[in-house]
$ cat final-v9.txt   # compact mmCIF, C-alpha atoms
# COMPACT_ATOMS: atom_id res chain seq x y z
CA MET A 1 -9.04 19.40 2.28
CA ASN A 2 -7.86 15.80 1.98
CA LEU A 3 -10.83 13.44 1.84
CA VAL A 4 -8.71 10.29 1.55
CA LYS A 5 -9.02 8.18 4.65
CA ARG A 6 -5.74 6.69 5.86
CA VAL A 7 -5.94 3.18 7.27
CA VAL A 8 -3.46 0.83 8.91
CA LEU A 9 -4.19 -2.92 8.85
CA ASP A 10 -2.22 -5.04 11.29
CA THR A 11 -0.40 -8.21 10.32
CA GLY A 12 -3.07 -10.55 11.70
CA THR A 13 -5.71 -8.91 9.55
CA LEU A 14 -3.53 -9.12 6.44
CA VAL A 15 -2.52 -12.74 7.04
CA SER A 16 -6.17 -13.70 7.47
CA ALA A 17 -7.03 -11.83 4.28
CA ALA A 18 -4.32 -13.70 2.39
CA LEU A 19 -5.30 -17.14 3.64
CA ARG A 20 -9.09 -16.80 3.44
CA VAL A 21 -10.26 -14.87 0.42
CA ASP A 22 -13.92 -14.89 1.48
CA SER A 23 -13.22 -13.73 5.06
CA VAL A 24 -14.15 -10.51 6.83
CA PRO A 25 -10.46 -9.49 6.97
CA SER A 26 -10.30 -9.97 3.20
CA ARG A 27 -13.33 -7.71 2.78
CA ALA A 28 -11.67 -5.15 5.07
CA LEU A 29 -8.54 -5.21 2.93
CA LEU A 30 -10.54 -4.79 -0.27
CA LYS A 31 -12.43 -1.85 1.27
CA ALA A 32 -9.15 -0.26 2.35
CA LEU A 33 -7.67 -0.65 -1.12
CA ARG A 34 -10.81 0.61 -2.82
CA GLU A 35 -11.73 3.53 -0.57
CA CYS A 36 -8.67 4.50 1.46
CA GLU A 37 -4.96 5.02 1.48
CA LEU A 38 -3.47 1.82 2.90
CA CYS A 39 -0.48 2.82 5.02
CA ALA A 40 2.54 0.69 5.89
CA SER A 41 6.04 1.04 7.27
CA GLU A 42 9.11 -1.01 6.56
CA ALA A 43 8.66 -2.72 9.95
CA THR A 44 5.05 -3.72 9.24
CA LEU A 45 5.88 -4.92 5.73
CA GLN A 46 8.80 -6.99 7.00
CA GLU A 47 6.64 -8.57 9.69
CA LEU A 48 3.99 -9.46 7.11
CA ALA A 49 6.54 -11.12 4.82
CA LEU A 50 8.04 -13.03 7.75
CA GLU A 51 4.66 -14.26 8.99
CA LEU A 52 3.53 -15.32 5.53
CA SER A 53 6.78 -17.25 5.03
CA ARG A 54 6.01 -19.60 7.94
CA ALA A 55 5.63 -23.27 6.95
CA LYS A 56 2.51 -23.61 9.10
CA PHE A 57 0.59 -21.75 6.35
CA ASP A 58 1.66 -24.15 3.57
CA ARG A 59 -1.52 -26.18 3.92
CA TYR A 60 -3.67 -23.09 3.31
CA LEU A 61 -1.85 -21.36 0.47
CA ALA A 62 1.30 -22.05 -1.54
CA ARG A 63 4.40 -20.14 -0.46
CA ALA A 64 4.70 -18.42 -3.85
CA GLU A 65 1.14 -17.09 -3.53
CA ARG A 66 1.82 -15.85 -0.01
CA ASP A 67 4.97 -14.11 -1.23
CA SER A 68 2.97 -12.54 -4.05
CA PHE A 69 0.39 -11.32 -1.54
CA ALA A 70 3.11 -9.66 0.57
CA GLU A 71 4.50 -8.00 -2.56
CA LEU A 72 1.00 -6.84 -3.54
CA ILE A 73 0.61 -5.18 -0.14
CA ARG A 74 4.02 -3.55 -0.51
CA THR A 75 3.07 -2.26 -3.97
CA TYR A 76 -0.36 -0.89 -3.08
CA SER A 77 0.54 0.59 0.30
CA VAL A 78 1.84 4.06 0.86
CA ALA A 79 5.12 3.72 2.72
CA TRP A 80 5.61 5.91 5.76
CA ALA A 81 8.82 6.53 7.66
CA VAL A 82 8.29 6.05 11.37
CA HIS A 83 10.50 8.13 13.64
CA GLY A 84 10.59 7.59 17.35
CA GLU A 85 9.32 4.72 19.43
CA VAL A 86 5.95 3.95 20.90
CA ARG A 87 5.71 1.78 23.98
CA ASP A 88 2.04 1.86 24.83
CA CYS A 89 0.80 -1.64 23.98
CA ARG A 90 0.96 -4.52 26.44
CA ASP A 91 2.37 -6.57 23.54
CA PRO A 92 5.51 -4.71 22.42
CA GLN A 93 5.27 -6.40 18.98
CA ASP A 94 2.13 -4.35 18.33
CA ASP A 95 3.71 -0.97 19.07
CA LYS A 96 4.87 -0.74 15.43
CA PHE A 97 1.22 -0.38 14.33
CA LEU A 98 0.55 2.38 16.84
CA ALA A 99 3.72 4.18 15.74
CA LEU A 100 2.69 3.88 12.09
CA ALA A 101 -0.83 5.12 12.83
CA LEU A 102 0.66 8.20 14.50
CA ALA A 103 3.25 8.76 11.74
CA CYS A 104 0.66 8.73 8.96
CA SER A 105 -2.10 10.43 10.97
CA ALA A 106 -4.29 7.40 10.35
CA ASP A 107 -8.03 7.75 10.50
CA VAL A 108 -8.34 4.16 11.69
CA LEU A 109 -6.27 1.13 12.67
CA VAL A 110 -7.86 -2.23 11.84
CA SER A 111 -7.09 -5.22 14.04
CA SER A 112 -8.63 -8.25 15.73
CA ASP A 113 -5.89 -8.22 18.36
CA ASN A 114 -7.24 -7.53 21.84
CA ASP A 115 -3.89 -6.01 22.83
CA LEU A 116 -4.60 -3.23 20.33
CA LEU A 117 -8.39 -3.10 20.60
CA THR A 118 -8.21 -2.31 24.32
CA LEU A 119 -6.40 0.93 23.47
CA THR A 120 -9.17 2.41 21.32
CA PRO A 121 -9.19 5.24 20.71
CA TYR A 122 -5.43 5.50 20.67
CA ARG A 123 -4.49 9.18 20.82
CA GLY A 124 -7.70 9.94 18.96
CA ILE A 125 -7.31 7.14 16.40
CA PRO A 126 -10.09 4.53 16.50
CA ILE A 127 -9.00 0.89 16.51
CA LEU A 128 -11.69 -1.19 14.82
CA THR A 129 -12.17 -4.88 14.16
CA PRO A 130 -12.27 -5.83 10.48
CA LYS A 131 -16.05 -6.28 10.75
CA ALA A 132 -16.56 -2.86 12.32
CA PHE A 133 -14.39 -1.31 9.61
CA CYS A 134 -16.40 -3.07 6.89
CA ASP A 135 -19.67 -1.92 8.47
CA GLU A 136 -18.49 1.69 8.71
CA GLN A 137 -20.16 4.04 6.25
CA GLU A 138 -18.29 6.75 4.37
$ encode --input "final-v9.txt" --output "structure tokens"
Amino acid sequence: MNLVKRVVLDTGTLVSAALRVDSVPSRALLKALRECELCASEATLQELALELSRAKFDRYLARAERDSFAELIRTYSVAWAVHGEVRDCRDPQDDKFLALALACSADVLVSSDNDLLTLTPYRGIPILTPKAFCDEQE
């Protein structure tokens, strides 16, 4: 029996974790890395790198540090191949997280995005805010 909990963190959660080290999203990321298998796909990793490359974040964190954060996530995530499309979210940009959650049989998807949160549970997968994920007991 596999006791490792698989978790998907959306881009908004990861960007917040990168920019604000003492934030709830940062605590959620640390919990995921410490207690779970952090799952990612090429599409989610590419979106993270693209978002973190935006100049609007320069005033919060140097570009090199943001690039290092994206590489850290790539290194410490388990990469999953996603086959097939999902078109269930009212924001089509968020479907990649639902598809990943299905592909890896995630135990939870963590997001602050209302477009995703309104779908909980998504095909049996809870979608939790970073705070709810942090408050969750093993």
$ residues_around --input "final-v9.txt" --residues "stretch 97-110 of chain A" --least-positions-apart "5" --cutoff "6 Å" --atoms "all atoms listed in the file" --output "ChimeraX atom specification"
/A:5-9,82,86,125-130
$ residues_around --input "final-v9.txt" --residues "A:Ala64" --least-positions-apart "2" --cutoff "12 Å" --atoms "all atoms listed in the file" --output "PyMOL selection string"
chain A and resi 18+49+52-55+57-58+60-62+66-71
$ closest_residue --input "final-v9.txt" --among "A:Leu33, A:Val24, A:Val15, A:Leu116" --to "A:Glu51" --atoms "all atoms listed in the file"
A:Val15
$ residues_around --input "final-v9.txt" --residues "A:Cys134" --least-positions-apart "2" --cutoff "10 Å" --atoms "only C-alpha atoms" --output "short mmCIF file (atom, residue, chain, number, x, y, z; two decimals) with C-alpha atoms, in the coordinates of the input"
data_model
loop_
_atom_site.label_atom_id
_atom_site.label_comp_id
_atom_site.auth_asym_id
_atom_site.auth_seq_id
_atom_site.Cartn_x
_atom_site.Cartn_y
_atom_site.Cartn_z
CA VAL A 24 -14.15 -10.51 6.83
CA PRO A 25 -10.46 -9.49 6.97
CA SER A 26 -10.30 -9.97 3.20
CA ARG A 27 -13.33 -7.71 2.78
CA ALA A 28 -11.67 -5.15 5.07
CA LEU A 29 -8.54 -5.21 2.93
CA LEU A 30 -10.54 -4.79 -0.27
CA LYS A 31 -12.43 -1.85 1.27
CA ALA A 32 -9.15 -0.26 2.35
CA VAL A 110 -7.86 -2.23 11.84
CA LEU A 128 -11.69 -1.19 14.82
CA THR A 129 -12.17 -4.88 14.16
CA PRO A 130 -12.27 -5.83 10.48
CA LYS A 131 -16.05 -6.28 10.75
CA ALA A 132 -16.56 -2.86 12.32
CA GLU A 136 -18.49 1.69 8.71
CA GLN A 137 -20.16 4.04 6.25
#
$ atom_distance --input "final-v9.txt" --atom1 "atom CA of A:Leu45" --atom2 "atom CA of A:Ile73"
7.9 Å
$ atom_distance --input "final-v9.txt" --atom1 "atom CA of A:Gln46" --atom2 "atom CA of A:Asp135"
29.0 Å
$ atom_distance --input "final-v9.txt" --atom1 "atom CA of A:Arg20" --atom2 "atom CA of A:Pro92"
26.8 Å
$ closest_residue --input "final-v9.txt" --among "A:Val4, A:Leu14, A:Val78, A:Leu19" --to "A:Ser112" --atoms "only C-alpha atoms"
A:Leu14
$ axis_aligned_box --input "final-v9.txt" --around "stretch 72-78 of chain A" --padding-each-side "3 Å" --output "AutoDock Vina command-line options"
--center_x 1.8 --center_y -1.4 --center_z -1.6 --size_x 10.4 --size_y 16.9 --size_z 10.8
$ closest_residue --input "final-v9.txt" --among "A:Glu35, A:Leu48, A:Asp88, A:Leu119" --to "A:Ala17" --atoms "only C-alpha atoms"
A:Leu48
$ closest_residue --input "final-v9.txt" --among "A:Asp10, A:Asp94, A:Glu85, A:Asp115" --to "A:Cys39" --atoms "all atoms listed in the file"
A:Asp10
$ closest_residue --input "final-v9.txt" --among "A:Arg90, A:Arg34, A:His83, A:Arg74" --to "A:Asp113" --atoms "all atoms listed in the file"
A:Arg90
